[in-house]
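Listing of run.txt, compact mmCIF, C-alpha atoms
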```
# COMPACT_ATOMS: atom_id res chain seq x y z
CA MET A 210 -67.86 -30.97 -51.75
CA LYS A 211 -65.31 -29.04 -53.69
CA PRO A 212 -62.11 -31.08 -53.64
CA PRO A 213 -61.81 -33.71 -56.38
CA PRO A 214 -61.90 -37.34 -55.21
CA PHE A 215 -58.71 -38.84 -53.81
CA GLU A 216 -57.61 -41.84 -51.83
CA TYR A 217 -56.94 -40.83 -48.25
CA HIS A 218 -54.35 -42.14 -45.81
CA ASP A 219 -53.49 -40.89 -42.36
CA PRO A 220 -50.38 -42.78 -41.30
CA LYS A 221 -49.13 -42.63 -37.71
CA THR A 222 -45.40 -42.63 -38.48
CA ALA A 223 -43.08 -40.91 -40.94
CA ASP A 224 -41.90 -44.28 -42.24
CA GLU A 225 -45.47 -45.30 -43.07
CA ALA A 226 -45.93 -41.99 -44.89
CA LEU A 227 -42.76 -42.60 -46.89
CA ALA A 228 -43.87 -46.10 -47.82
CA LEU A 229 -47.18 -44.69 -49.07
CA LEU A 230 -45.37 -42.01 -51.06
CA GLY A 231 -43.35 -44.72 -52.74
CA ARG A 232 -46.43 -46.77 -53.44
CA TYR A 233 -48.12 -43.95 -55.36
CA GLY A 234 -44.95 -43.11 -57.29
CA GLY A 235 -45.34 -39.33 -57.44
CA GLU A 236 -49.15 -39.35 -57.76
CA ALA A 237 -49.77 -38.65 -54.06
CA ARG A 238 -49.46 -35.38 -52.18
CA LEU A 239 -48.51 -34.91 -48.58
CA LEU A 240 -51.04 -32.95 -46.56
CA ALA A 241 -49.46 -30.87 -43.79
CA GLY A 242 -51.48 -28.03 -42.21
CA GLY A 243 -53.57 -27.70 -45.34
CA GLN A 244 -53.60 -23.90 -45.39
CA SER A 245 -52.45 -23.86 -49.01
CA LEU A 246 -53.09 -27.38 -50.28
CA VAL A 247 -56.74 -27.64 -49.21
CA ALA A 248 -57.41 -24.26 -50.85
CA LEU A 249 -55.80 -25.61 -54.04
CA LEU A 250 -57.95 -28.73 -53.78
CA ASN A 251 -61.07 -26.63 -53.27
CA PHE A 252 -60.27 -24.76 -56.46
CA ARG A 253 -59.39 -28.06 -58.13
CA LEU A 254 -56.01 -26.64 -59.04
CA SER A 255 -54.58 -29.78 -57.51
CA ALA A 256 -56.02 -33.24 -58.14
CA PRO A 257 -53.72 -35.87 -56.63
CA ALA A 258 -54.57 -39.57 -56.76
CA ALA A 259 -54.03 -39.74 -53.03
CA LEU A 260 -53.57 -37.52 -50.02
CA ILE A 261 -51.17 -38.67 -47.34
CA ASP A 262 -52.23 -36.75 -44.28
CA LEU A 263 -49.31 -36.10 -41.90
CA ASN A 264 -51.44 -34.63 -39.13
CA ARG A 265 -51.53 -37.82 -37.04
CA ILE A 266 -47.75 -38.28 -37.04
CA ALA A 267 -46.81 -37.17 -33.53
CA GLU A 268 -43.08 -37.78 -34.09
CA LEU A 269 -42.95 -34.91 -36.61
CA SER A 270 -44.06 -32.28 -34.12
CA TYR A 271 -41.37 -30.95 -31.79
CA ILE A 272 -39.08 -28.02 -31.06
CA ARG A 273 -35.74 -28.84 -29.50
CA GLU A 274 -32.33 -27.28 -29.08
CA GLU A 275 -29.41 -29.34 -30.29
CA GLY A 276 -25.92 -28.59 -31.60
CA GLY A 277 -26.37 -24.81 -31.54
CA GLN A 278 -29.57 -25.11 -33.52
CA LEU A 279 -33.28 -25.09 -32.94
CA ARG A 280 -34.72 -28.13 -34.64
CA PHE A 281 -38.34 -28.18 -35.70
CA GLY A 282 -40.30 -31.25 -36.68
CA ALA A 283 -41.88 -30.53 -40.05
CA MET A 284 -45.41 -30.78 -38.60
CA THR A 285 -44.78 -28.26 -35.82
CA ARG A 286 -47.61 -25.73 -36.00
CA GLN A 287 -46.84 -22.09 -36.60
CA ARG A 288 -48.96 -21.37 -33.55
CA GLN A 289 -46.76 -23.63 -31.40
CA ILE A 290 -43.72 -21.70 -32.61
CA GLU A 291 -45.41 -18.35 -31.96
CA PHE A 292 -46.02 -19.19 -28.30
CA SER A 293 -42.87 -21.25 -27.66
CA PRO A 294 -40.77 -19.86 -24.77
CA LEU A 295 -37.75 -21.72 -26.21
CA VAL A 296 -38.07 -19.98 -29.58
CA ALA A 297 -38.72 -16.64 -27.86
CA SER A 298 -35.46 -16.93 -25.94
CA ARG A 299 -33.22 -18.57 -28.57
CA LEU A 300 -34.54 -17.23 -31.86
CA PRO A 301 -36.74 -14.17 -31.33
CA LEU A 302 -36.50 -13.19 -35.01
CA MET A 303 -38.58 -16.26 -35.72
CA ILE A 304 -41.37 -15.08 -33.40
CA GLU A 305 -41.48 -11.80 -35.31
CA ALA A 306 -41.63 -13.62 -38.65
CA THR A 307 -44.24 -16.09 -37.41
CA ARG A 308 -46.67 -13.33 -36.39
CA MET A 309 -46.70 -12.26 -40.03
CA VAL A 310 -47.58 -15.72 -41.35
CA GLY A 311 -51.26 -15.45 -42.29
CA HIS A 312 -53.45 -14.96 -39.22
CA LEU A 313 -53.74 -16.65 -35.84
CA PRO A 314 -56.55 -18.99 -37.09
CA THR A 315 -54.39 -20.13 -40.03
CA ARG A 316 -51.33 -20.50 -37.78
CA THR A 317 -53.36 -22.90 -35.62
CA ARG A 318 -53.09 -25.47 -38.41
CA GLY A 319 -50.28 -24.19 -40.64
CA THR A 320 -46.93 -25.89 -40.13
CA ILE A 321 -43.32 -24.87 -40.62
CA GLY A 322 -42.69 -27.81 -42.93
CA GLY A 323 -45.76 -27.13 -45.04
CA SER A 324 -44.82 -23.49 -45.52
CA ILE A 325 -41.24 -24.31 -46.51
CA ALA A 326 -42.15 -27.24 -48.77
CA HIS A 327 -44.83 -25.15 -50.50
CA ALA A 328 -42.11 -22.52 -51.20
CA ASP A 329 -44.35 -19.59 -51.97
CA PRO A 330 -41.94 -16.75 -52.79
CA SER A 331 -43.91 -14.34 -50.61
CA ALA A 332 -43.94 -16.62 -47.55
CA GLU A 333 -42.07 -15.70 -44.38
CA TYR A 334 -40.39 -18.97 -43.35
CA PRO A 335 -38.51 -19.45 -46.63
CA ALA A 336 -37.08 -15.93 -46.20
CA LEU A 337 -36.18 -16.72 -42.59
CA VAL A 338 -34.33 -19.97 -43.32
CA THR A 339 -32.54 -18.29 -46.23
CA ALA A 340 -31.37 -15.36 -44.10
CA LEU A 341 -30.19 -17.66 -41.31
CA ASP A 342 -28.76 -20.25 -43.71
CA GLY A 343 -30.71 -22.98 -41.96
CA GLU A 344 -31.03 -26.59 -43.03
CA MET A 345 -33.82 -28.76 -44.38
CA VAL A 346 -33.72 -32.45 -43.56
CA LEU A 347 -35.28 -34.55 -46.31
CA ARG A 348 -36.04 -38.22 -45.76
CA GLY A 349 -36.27 -40.66 -48.62
CA PRO A 350 -36.17 -44.41 -49.10
CA SER A 351 -32.38 -44.37 -48.65
CA GLY A 352 -32.32 -42.21 -45.52
CA ASN A 353 -31.89 -38.56 -44.60
CA ARG A 354 -30.09 -35.81 -46.45
CA VAL A 355 -29.52 -32.24 -45.34
CA VAL A 356 -30.10 -29.44 -47.86
CA LYS A 357 -29.16 -25.77 -47.53
CA PRO A 358 -31.61 -23.03 -48.59
CA ALA A 359 -29.62 -22.03 -51.69
CA ASP A 360 -30.06 -25.56 -53.04
CA PHE A 361 -33.50 -26.19 -51.55
CA PHE A 362 -35.46 -23.33 -53.12
CA GLN A 363 -35.29 -23.82 -56.86
CA GLY A 364 -38.04 -21.59 -58.19
CA PHE A 365 -41.65 -20.55 -57.77
CA LEU A 366 -43.28 -23.31 -55.63
CA THR A 367 -40.37 -25.59 -56.55
CA THR A 368 -37.93 -27.21 -54.14
CA ALA A 369 -35.23 -29.87 -54.02
CA ILE A 370 -37.65 -32.39 -52.48
CA ALA A 371 -37.53 -35.36 -54.86
CA PRO A 372 -40.54 -37.57 -55.57
CA GLY A 373 -40.54 -40.16 -52.82
CA GLU A 374 -38.95 -37.79 -50.32
CA MET A 375 -40.46 -35.74 -47.54
CA LEU A 376 -39.30 -32.80 -45.45
CA VAL A 377 -39.01 -34.04 -41.86
CA GLU A 378 -37.07 -31.35 -40.01
CA VAL A 379 -36.03 -27.71 -40.27
CA ARG A 380 -32.90 -26.49 -38.45
CA LEU A 381 -32.07 -22.90 -37.65
CA PRO A 382 -29.02 -21.58 -35.80
CA VAL A 383 -29.73 -20.08 -32.39
CA THR A 384 -29.12 -16.35 -32.11
CA PRO A 385 -25.57 -15.43 -31.06
CA ALA A 386 -25.04 -13.09 -28.10
CA HIS A 387 -24.87 -9.35 -28.86
CA SER A 388 -27.31 -9.62 -31.74
CA GLY A 389 -30.18 -7.59 -33.10
CA TRP A 390 -32.83 -8.72 -35.52
CA ALA A 391 -35.78 -7.51 -37.55
CA PHE A 392 -38.29 -8.93 -39.99
CA GLU A 393 -39.85 -6.23 -42.14
CA GLU A 394 -42.48 -6.73 -44.76
CA PHE A 395 -44.96 -4.73 -46.76
CA SER A 396 -48.40 -6.06 -47.50
CA ARG A 397 -51.61 -4.20 -48.20
CA ARG A 398 -53.30 -5.55 -45.08
CA HIS A 399 -51.90 -7.45 -42.13
CA GLY A 400 -51.83 -11.14 -42.98
CA ASP A 401 -52.04 -10.66 -46.73
CA PHE A 402 -49.36 -12.13 -48.92
CA ALA A 403 -46.35 -9.86 -48.57
CA ILE A 404 -45.21 -7.90 -51.58
CA VAL A 405 -41.60 -7.72 -50.35
CA GLU A 406 -40.05 -8.84 -47.08
CA VAL A 407 -36.60 -8.55 -45.56
CA ALA A 408 -35.14 -10.61 -42.71
CA ALA A 409 -32.02 -9.39 -40.92
CA LEU A 410 -29.86 -10.66 -38.09
CA LEU A 411 -26.85 -8.59 -37.02
CA THR A 412 -24.20 -9.41 -34.44
CA ALA A 413 -21.97 -6.62 -33.11
CA ASP A 414 -18.96 -6.39 -30.86
CA GLY A 415 -18.47 -3.72 -28.18
CA GLY A 416 -16.70 -1.37 -30.59
CA GLY A 417 -19.64 -1.11 -32.96
CA ARG A 418 -18.09 -3.52 -35.44
CA CYS A 419 -20.43 -5.95 -37.13
CA THR A 420 -19.04 -9.44 -36.67
CA MET A 421 -21.84 -11.17 -38.56
CA ALA A 422 -24.65 -10.01 -40.81
CA ARG A 423 -27.39 -12.19 -42.24
CA VAL A 424 -29.85 -10.58 -44.66
CA ALA A 425 -32.33 -12.03 -47.12
CA ALA A 426 -35.15 -10.60 -49.22
CA SER A 427 -38.24 -12.35 -50.49
CA GLY A 428 -41.06 -11.50 -52.85
CA VAL A 429 -38.48 -10.32 -55.35
CA GLY A 430 -38.37 -13.38 -57.58
CA GLY A 431 -39.15 -17.08 -57.60
CA THR A 432 -37.06 -17.82 -54.51
CA PRO A 433 -35.84 -15.93 -51.45
CA VAL A 434 -32.50 -14.22 -52.04
CA ARG A 435 -29.66 -14.17 -49.57
CA LEU A 436 -28.02 -10.74 -49.91
CA ARG A 437 -24.40 -11.68 -49.24
CA PRO A 438 -22.89 -8.46 -50.72
CA VAL A 439 -25.15 -6.46 -48.36
CA GLU A 440 -23.85 -8.52 -45.45
CA GLU A 441 -20.27 -7.84 -46.55
CA ILE A 442 -20.81 -4.07 -46.57
CA LEU A 443 -21.98 -4.24 -42.97
CA GLU A 444 -19.25 -6.64 -41.86
CA GLN A 445 -16.61 -4.35 -43.40
CA GLU A 446 -18.04 -0.91 -42.70
CA GLY A 447 -19.99 -1.42 -39.48
CA LEU A 448 -23.50 -0.53 -38.45
CA ALA A 449 -23.52 3.26 -38.70
CA GLU A 450 -26.21 5.05 -40.68
CA LYS A 451 -23.95 5.53 -43.71
CA ALA A 452 -23.10 1.86 -44.03
CA ILE A 453 -26.75 0.90 -43.63
CA ALA A 454 -27.74 3.37 -46.36
CA ALA A 455 -25.11 1.93 -48.70
CA ALA A 456 -26.17 -1.60 -47.86
CA SER A 457 -29.83 -0.78 -48.60
CA VAL A 458 -29.00 0.70 -51.99
CA ARG A 459 -26.93 -2.41 -52.74
CA ALA A 460 -29.86 -4.64 -51.72
CA ALA A 461 -32.10 -3.06 -54.34
CA GLU A 462 -29.40 -3.62 -56.99
CA LEU A 463 -29.09 -7.29 -56.11
CA VAL A 464 -32.71 -8.29 -56.65
CA ASP A 465 -34.34 -8.90 -59.98
CA PRO A 466 -38.09 -8.87 -59.40
CA THR A 467 -40.78 -9.17 -62.03
CA SER A 468 -43.94 -7.11 -62.36
CA ASP A 469 -47.29 -8.64 -61.55
CA LEU A 470 -50.80 -7.66 -60.57
CA HIS A 471 -49.68 -6.65 -57.07
CA ALA A 472 -46.63 -4.54 -57.79
CA SER A 473 -44.30 -3.49 -60.54
CA ALA A 474 -40.67 -4.60 -60.64
CA ASP A 475 -39.56 -1.02 -59.92
CA TYR A 476 -41.80 -0.79 -56.88
CA ARG A 477 -40.52 -4.10 -55.53
CA ARG A 478 -36.95 -2.85 -55.94
CA HIS A 479 -37.90 0.35 -54.15
CA LEU A 480 -39.47 -1.67 -51.33
CA THR A 481 -36.34 -3.81 -51.08
CA ARG A 482 -34.26 -0.72 -50.40
CA VAL A 483 -36.71 0.79 -47.93
CA LEU A 484 -37.41 -2.43 -46.03
CA THR A 485 -33.69 -3.33 -45.90
CA ARG A 486 -32.93 0.07 -44.40
CA ARG A 487 -35.73 -0.30 -41.85
CA ALA A 488 -34.71 -3.83 -40.91
CA LEU A 489 -31.01 -3.00 -40.62
CA THR A 490 -31.65 0.19 -38.64
CA ARG A 491 -33.82 -1.62 -36.12
CA ALA A 492 -31.52 -4.65 -35.90
CA ALA A 493 -28.38 -2.49 -35.55
CA LEU A 494 -29.90 -0.43 -32.74
CA GLN A 495 -30.81 -3.59 -30.91
CA ALA A 496 -27.44 -5.25 -31.51
CA LYS A 497 -25.67 -2.22 -30.07
CA GLY A 498 -28.07 -2.22 -27.12
CA ASN A 499 -27.34 -5.87 -26.45
CA ASN A 500 -23.62 -5.19 -25.96
CA MET B 219 -63.67 -42.74 -55.13
CA ALA B 220 -62.59 -43.34 -51.58
CA GLU B 221 -65.02 -45.04 -49.25
CA PRO B 222 -66.73 -42.90 -46.61
CA ARG B 223 -65.09 -43.14 -43.20
CA LYS B 224 -66.66 -43.02 -39.82
CA VAL B 225 -65.94 -39.79 -37.98
CA ARG B 226 -66.71 -39.10 -34.37
CA PHE B 227 -65.97 -35.93 -32.46
CA LYS B 228 -67.38 -33.59 -29.86
CA VAL B 229 -69.21 -30.51 -31.05
CA ASN B 230 -70.25 -27.94 -28.47
CA GLY B 231 -69.87 -30.55 -25.77
CA ALA B 232 -71.96 -33.30 -27.42
CA VAL B 233 -70.54 -36.37 -29.15
CA ARG B 234 -71.59 -36.48 -32.80
CA GLU B 235 -70.73 -39.00 -35.44
CA GLY B 236 -71.37 -39.75 -39.04
CA LEU B 237 -69.90 -40.94 -42.29
CA ALA B 238 -67.76 -38.67 -44.42
CA GLU B 239 -66.15 -39.21 -47.75
CA PRO B 240 -62.50 -38.14 -47.22
CA ARG B 241 -62.84 -35.15 -49.54
CA LYS B 242 -65.73 -33.69 -47.57
CA LEU B 243 -64.71 -30.41 -45.98
CA LEU B 244 -65.23 -30.08 -42.26
CA VAL B 245 -67.41 -27.01 -42.78
CA ASP B 246 -69.71 -28.96 -45.11
CA PHE B 247 -69.96 -31.76 -42.57
CA ILE B 248 -70.78 -29.31 -39.80
CA ARG B 249 -73.48 -27.61 -41.85
CA ASP B 250 -74.96 -30.41 -43.94
CA ASP B 251 -74.52 -33.50 -41.78
CA LEU B 252 -74.78 -31.98 -38.33
CA GLY B 253 -77.25 -29.24 -39.27
CA LEU B 254 -75.18 -26.57 -37.53
CA THR B 255 -75.63 -23.83 -40.09
CA GLY B 256 -74.32 -21.04 -37.89
CA THR B 257 -70.86 -21.62 -39.36
CA HIS B 258 -70.82 -19.90 -42.73
CA ILE B 259 -69.07 -20.73 -45.98
CA GLY B 260 -67.59 -17.74 -47.74
CA CYS B 261 -64.53 -17.97 -49.93
CA GLU B 262 -63.60 -21.62 -49.34
CA HIS B 263 -59.90 -20.91 -49.55
CA GLY B 264 -59.06 -19.61 -46.12
CA ILE B 265 -59.16 -15.90 -46.80
CA CYS B 266 -62.52 -14.61 -45.55
CA GLY B 267 -62.68 -16.36 -42.16
CA ALA B 268 -66.47 -16.83 -42.14
CA CYS B 269 -66.06 -20.56 -41.44
CA THR B 270 -63.79 -20.10 -38.39
CA ILE B 271 -64.52 -22.52 -35.55
CA LEU B 272 -62.57 -23.62 -32.48
CA PHE B 273 -60.64 -26.82 -33.15
CA ASN B 274 -59.43 -28.30 -29.86
CA GLY B 275 -59.98 -24.84 -28.36
CA GLU B 276 -58.12 -22.86 -31.02
CA ALA B 277 -59.59 -20.87 -33.90
CA ALA B 278 -59.16 -22.55 -37.28
CA ARG B 279 -60.65 -22.42 -40.76
CA SER B 280 -63.12 -25.26 -41.18
CA CYS B 281 -63.02 -24.84 -44.98
CA LEU B 282 -59.35 -25.83 -44.99
CA MET B 283 -59.87 -29.07 -43.09
CA LEU B 284 -61.40 -32.37 -44.03
CA ALA B 285 -64.13 -33.80 -41.84
CA VAL B 286 -62.08 -36.98 -41.39
CA GLN B 287 -59.28 -34.92 -39.86
CA ALA B 288 -61.58 -33.91 -37.02
CA ASP B 289 -62.07 -37.49 -35.87
CA GLY B 290 -61.40 -37.50 -32.13
CA ALA B 291 -61.27 -33.71 -31.84
CA GLU B 292 -63.32 -31.23 -29.81
CA LEU B 293 -64.98 -28.51 -31.81
CA THR B 294 -66.87 -25.40 -30.83
CA THR B 295 -69.03 -23.63 -33.35
CA VAL B 296 -70.83 -20.32 -32.92
CA GLU B 297 -73.85 -22.26 -31.61
CA GLY B 298 -71.70 -23.29 -28.64
CA LEU B 299 -70.83 -19.77 -27.50
CA ALA B 300 -74.01 -19.00 -25.61
CA ALA B 301 -74.73 -20.76 -22.32
CA ALA B 302 -77.05 -23.79 -22.25
CA ASP B 303 -79.87 -21.62 -20.91
CA GLY B 304 -79.53 -19.33 -23.93
CA LYS B 305 -77.71 -16.54 -22.13
CA LEU B 306 -75.47 -14.87 -24.67
CA HIS B 307 -71.70 -14.91 -24.35
CA PRO B 308 -70.25 -11.48 -23.39
CA LEU B 309 -68.86 -11.21 -26.92
CA GLN B 310 -72.31 -11.78 -28.41
CA GLU B 311 -73.87 -9.25 -26.05
CA ALA B 312 -71.21 -6.71 -26.95
CA PHE B 313 -71.74 -7.31 -30.69
CA TRP B 314 -75.42 -6.65 -30.16
CA GLU B 315 -74.89 -3.51 -28.12
CA HIS B 316 -72.25 -2.01 -30.41
CA HIS B 317 -74.03 -2.73 -33.70
CA ALA B 318 -71.12 -4.95 -34.70
CA LEU B 319 -73.03 -6.57 -37.52
CA GLN B 320 -75.16 -5.62 -40.44
CA CYS B 321 -75.78 -8.52 -42.78
CA GLY B 322 -74.31 -10.94 -40.26
CA PHE B 323 -72.55 -13.17 -42.73
CA CYS B 324 -69.09 -12.75 -41.22
CA THR B 325 -70.37 -12.65 -37.64
CA PRO B 326 -69.81 -16.32 -36.70
CA GLY B 327 -66.23 -16.09 -37.91
CA MET B 328 -65.75 -12.75 -36.19
CA LEU B 329 -67.04 -14.13 -32.89
CA MET B 330 -64.91 -17.27 -32.94
CA THR B 331 -61.83 -15.31 -34.01
CA ALA B 332 -62.40 -12.69 -31.31
CA TYR B 333 -62.91 -15.47 -28.76
CA ASP B 334 -59.50 -16.95 -29.59
CA LEU B 335 -57.89 -13.50 -29.70
CA LEU B 336 -59.10 -12.72 -26.16
CA GLN B 337 -58.07 -16.17 -25.02
CA VAL B 338 -54.42 -15.58 -25.99
CA ASN B 339 -54.47 -11.87 -25.13
CA PRO B 340 -57.14 -10.83 -22.59
CA THR B 341 -56.02 -7.19 -22.64
CA PRO B 342 -55.52 -6.29 -26.29
CA THR B 343 -54.84 -2.77 -27.50
CA GLU B 344 -57.04 -1.41 -30.26
CA GLU B 345 -54.23 -2.12 -32.73
CA GLU B 346 -53.97 -5.71 -31.55
CA ILE B 347 -57.73 -6.12 -31.92
CA ARG B 348 -57.57 -4.76 -35.45
CA THR B 349 -54.67 -7.03 -36.33
CA GLY B 350 -56.51 -10.02 -34.89
CA LEU B 351 -59.75 -9.20 -36.69
CA SER B 352 -57.93 -8.79 -40.00
CA ALA B 353 -58.29 -12.59 -40.11
CA VAL B 354 -61.96 -12.13 -41.02
CA LEU B 355 -63.41 -10.04 -43.80
CA CYS B 356 -66.51 -7.92 -43.19
CA ARG B 357 -67.96 -6.15 -46.20
CA CYS B 358 -70.53 -3.95 -44.49
CA THR B 359 -69.69 -2.56 -41.07
CA GLY B 360 -66.36 -0.87 -41.71
CA TYR B 361 -65.14 -2.82 -38.65
CA GLN B 362 -65.51 0.09 -36.21
CA GLY B 363 -68.46 -1.44 -34.38
CA ILE B 364 -66.75 -4.82 -34.26
CA VAL B 365 -63.59 -3.34 -32.76
CA GLU B 366 -65.68 -1.48 -30.16
CA ALA B 367 -67.56 -4.68 -29.33
CA VAL B 368 -64.41 -6.73 -28.82
CA LYS B 369 -62.96 -3.97 -26.65
CA ALA B 370 -66.11 -3.90 -24.53
CA ALA B 371 -66.27 -7.67 -24.29
CA ALA B 372 -62.63 -7.85 -23.20
CA GLY B 373 -63.38 -5.48 -20.33
CA ARG B 374 -66.49 -7.40 -19.31
CA MET B 375 -64.76 -10.78 -19.47
CA ARG B 376 -61.87 -9.48 -17.35
CA SER B 377 -64.12 -8.09 -14.65
CA SER B 378 -66.20 -11.27 -14.49
CA SER B 379 -63.26 -13.66 -14.23
```
Could you render the structure from this file as structure tokens?
Amino acid sequence: MKPPPFEYHDPKTADEALALLGRYGGEARLLAGGQSLVALLNFRLSAPAALIDLNRIAELSYIREEGGQLRFGAMTRQRQIEFSPLVASRLPLMIEATRMVGHLPTRTRGTIGGSIAHADPSAEYPALVTALDGEMVLRGPSGNRVVKPADFFQGFLTTAIAPGEMLVEVRLPVTPAHSGWAFEEFSRRHGDFAIVEVAALLTADGGGRCTMARVAASGVGGTPVRLRPVEEILEQEGLAEKAIAAASVRAAELVDPTSDLHASADYRRHLTRVLTRRALTRAALQAKGNN
Amino acid sequence: MAEPRKVRFKVNGAVREGLAEPRKLLVDFIRDDLGLTGTHIGCEHGICGACTILFNGEAARSCLMLAVQADGAELTTVEGLAAADGKLHPLQEAFWEHHALQCGFCTPGMLMTAYDLLQVNPTPTEEEIRTGLSAVLCRCTGYQGIVEAVKAAAGRMRSSS
């Protein structure tokens, strides 16, 4: 047995889980799919007084369309998302991103909420919600609050979730008509932690004008980065090769990565440019084709 | 320390039960308490895939689950792949024929992962097989034999269904 001892609770409702969180006053950890937390327990890098296992809370597992958004219960499995016809039709970029989250056997258990709450800077879902400017619904003793990605991701493995709060829902806007999308990442092997990744969603009108661009990069710092100036270049100059080239150069200027064992800062900047160009080229082609 | 809890689930079709301290990993319970040592423990942090089993019919890492979480579930381990009369599963036959193992340590994880892969995609391309098998690390075969075996098994399973 590798994990250190802990008290264990497996509540059946979100309210019970919240009550337990309050009872342990910051000394308990929520267990979602376990694909990161159980590994941390096995290494004894985490030693909480209690684990509050969310896996028996049926009310936190759903995918539904509401108010122009897809809404995901925090305990929705990545595998459910990967094979969801609703997601495939309303938010295909998410299918592409999901297939890069670990491997099928880890997606069987891994959840959207767990991935976002863990906030690993090389993870796919944080990059996705940042690009799409989605919303995180946090529930605490005094009710729900909705947090945008720019406020939610605060640093390496650090989020706006306060002690006593839990992430209960993730909301992403459905894809507008006449859009193209791409999720590009570089990792040494499929399923490895990505070194850099870029998510892009482009919407075009019939004249080749870009009416909306959404671009974010990840793996280039402690949090995913929404590349608003890149989006502005595309929205002003369109989706031709020249604009995409300029936007890609701008992307590399906007990120401020650090060097680590896996890649130097310069290499990460280089990857940001290359992956932005690839993502924008593919998304633009598709957006034009969907007109 | 938390009290042991009673856990009861189906493994390879048979109901099994026992007591597990909450921190006991599912893979340890499967091996030590149930005596099913076909499931291997490699890295214990979800990277190597040697401990992959089917959890309610879907491949999952048993080193990243607690035994208590499996209460009420249906599990299949590598011991459950072959038929009751001992006839090997087409995947196992293909692994044998294509020399898809050397030391055999990763083989249970490879088989369970390949089983799930073919379940969601019965006609995978070679690239899709390689992507799927990247979920399990093999340190001796160079993967070629494993890829060939999965390809062969896919064909055999299609023609027999």
Practice problem: For chain B, work out the contacting residues on chain A at 8 Å, counting all atoms listed in the file, and write them as a list in words. | Solution: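 Filtering chain A at 8 Å from chain B with all atoms listed in the file gives Met210, Lys211, Pro212, Pro213, Pro214, Phe215, Glu216, Tyr217, Gly243, Gln244, Val247, Ala248, Leu249, Asn251, Phe252, Asn264, Gly311, His312, Leu313, Pro314, Thr315, Thr317, Arg318, Arg398, His399 and Gly400 of chain A.
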Could you save the residues just selected, with C-alpha atoms, as a compact mmCIF listing (two decimals), in the frame of the given file?
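selection_29.txt was written with the following content:
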```txt
# COMPACT_ATOMS: atom_id res chain seq x y z
CA MET A 210 -67.86 -30.97 -51.75
CA LYS A 211 -65.31 -29.04 -53.69
CA PRO A 212 -62.11 -31.08 -53.64
CA PRO A 213 -61.81 -33.71 -56.38
CA PRO A 214 -61.90 -37.34 -55.21
CA PHE A 215 -58.71 -38.84 -53.81
CA GLU A 216 -57.61 -41.84 -51.83
CA TYR A 217 -56.94 -40.83 -48.25
CA GLY A 243 -53.57 -27.70 -45.34
CA GLN A 244 -53.60 -23.90 -45.39
CA VAL A 247 -56.74 -27.64 -49.21
CA ALA A 248 -57.41 -24.26 -50.85
CA LEU A 249 -55.80 -25.61 -54.04
CA ASN A 251 -61.07 -26.63 -53.27
CA PHE A 252 -60.27 -24.76 -56.46
CA ASN A 264 -51.44 -34.63 -39.13
CA GLY A 311 -51.26 -15.45 -42.29
CA HIS A 312 -53.45 -14.96 -39.22
CA LEU A 313 -53.74 -16.65 -35.84
CA PRO A 314 -56.55 -18.99 -37.09
CA THR A 315 -54.39 -20.13 -40.03
CA THR A 317 -53.36 -22.90 -35.62
CA ARG A 318 -53.09 -25.47 -38.41
CA ARG A 398 -53.30 -5.55 -45.08
CA HIS A 399 -51.90 -7.45 -42.13
CA GLY A 400 -51.83 -11.14 -42.98
```
Quiz item: Pick the closest to A:Thr384 from A:Arg286, A:Arg423, A:Arg491, A:Lys221: which is it, counting only C-alpha atoms?
Solution: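 Looking only at the distances to A:Thr384, the closest residue turns out to be A:Arg423.
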Self-check item: Interatomic distance (Å, one decimal) between atom CA of B:Lys224 and atom CA of A:Gly322
Solution: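 Straight-line distance from atom CA of B:Lys224 to atom CA of A:Gly322 works out to 28.6 Å.
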Box along x, y and z, 6 Å on every side, all listed atoms of stretch 488-497 of chain A inside: centre and edge lengths in Å to one decimal, as JSON.
```
{"center_x": -30.2, "center_y": -2.5, "center_z": -35.5, "size_x": 21.0, "size_y": 17.4, "size_z": 22.8}
```
Quiz prompt | Point-to-point distance from atom CA of A:Asp329 to atom CA of A:Ile404, Å rounded to tenths | solution =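 Rounded to one decimal, the two atoms are 11.7 Å apart.
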Practice problem: Could you please determine the separation between atom CA of A:Pro438 and atom CA of A:Ala328 in Å, to one decimal place? | Solution: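 Straight-line distance from atom CA of A:Pro438 to atom CA of A:Ala328 works out to 23.8 Å.
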Might you pull out every residue within 10 Å of B:Val296, with all atoms listed in the file counted and same-chain residues fewer than 2 positions away left off, and present them as a CSV table (one decimal) with C-alpha atoms, in the coordinates of the input?
```csv
chain,number,residue,atom,x,y,z
B,230,ASN,CA,-70.2,-27.9,-28.5
B,254,LEU,CA,-75.2,-26.6,-37.5
B,255,THR,CA,-75.6,-23.8,-40.1
B,256,GLY,CA,-74.3,-21.0,-37.9
B,257,THR,CA,-70.9,-21.6,-39.4
B,258,HIS,CA,-70.8,-19.9,-42.7
B,269,CYS,CA,-66.1,-20.6,-41.4
B,270,THR,CA,-63.8,-20.1,-38.4
B,271,ILE,CA,-64.5,-22.5,-35.6
B,272,LEU,CA,-62.6,-23.6,-32.5
B,294,THR,CA,-66.9,-25.4,-30.8
B,298,GLY,CA,-71.7,-23.3,-28.6
B,299,LEU,CA,-70.8,-19.8,-27.5
B,300,ALA,CA,-74.0,-19.0,-25.6
B,310,GLN,CA,-72.3,-11.8,-28.4
B,325,THR,CA,-70.4,-12.6,-37.6
B,326,PRO,CA,-69.8,-16.3,-36.7
B,327,GLY,CA,-66.2,-16.1,-37.9
B,328,MET,CA,-65.8,-12.8,-36.2
B,329,LEU,CA,-67.0,-14.1,-32.9
B,330,MET,CA,-64.9,-17.3,-32.9
```
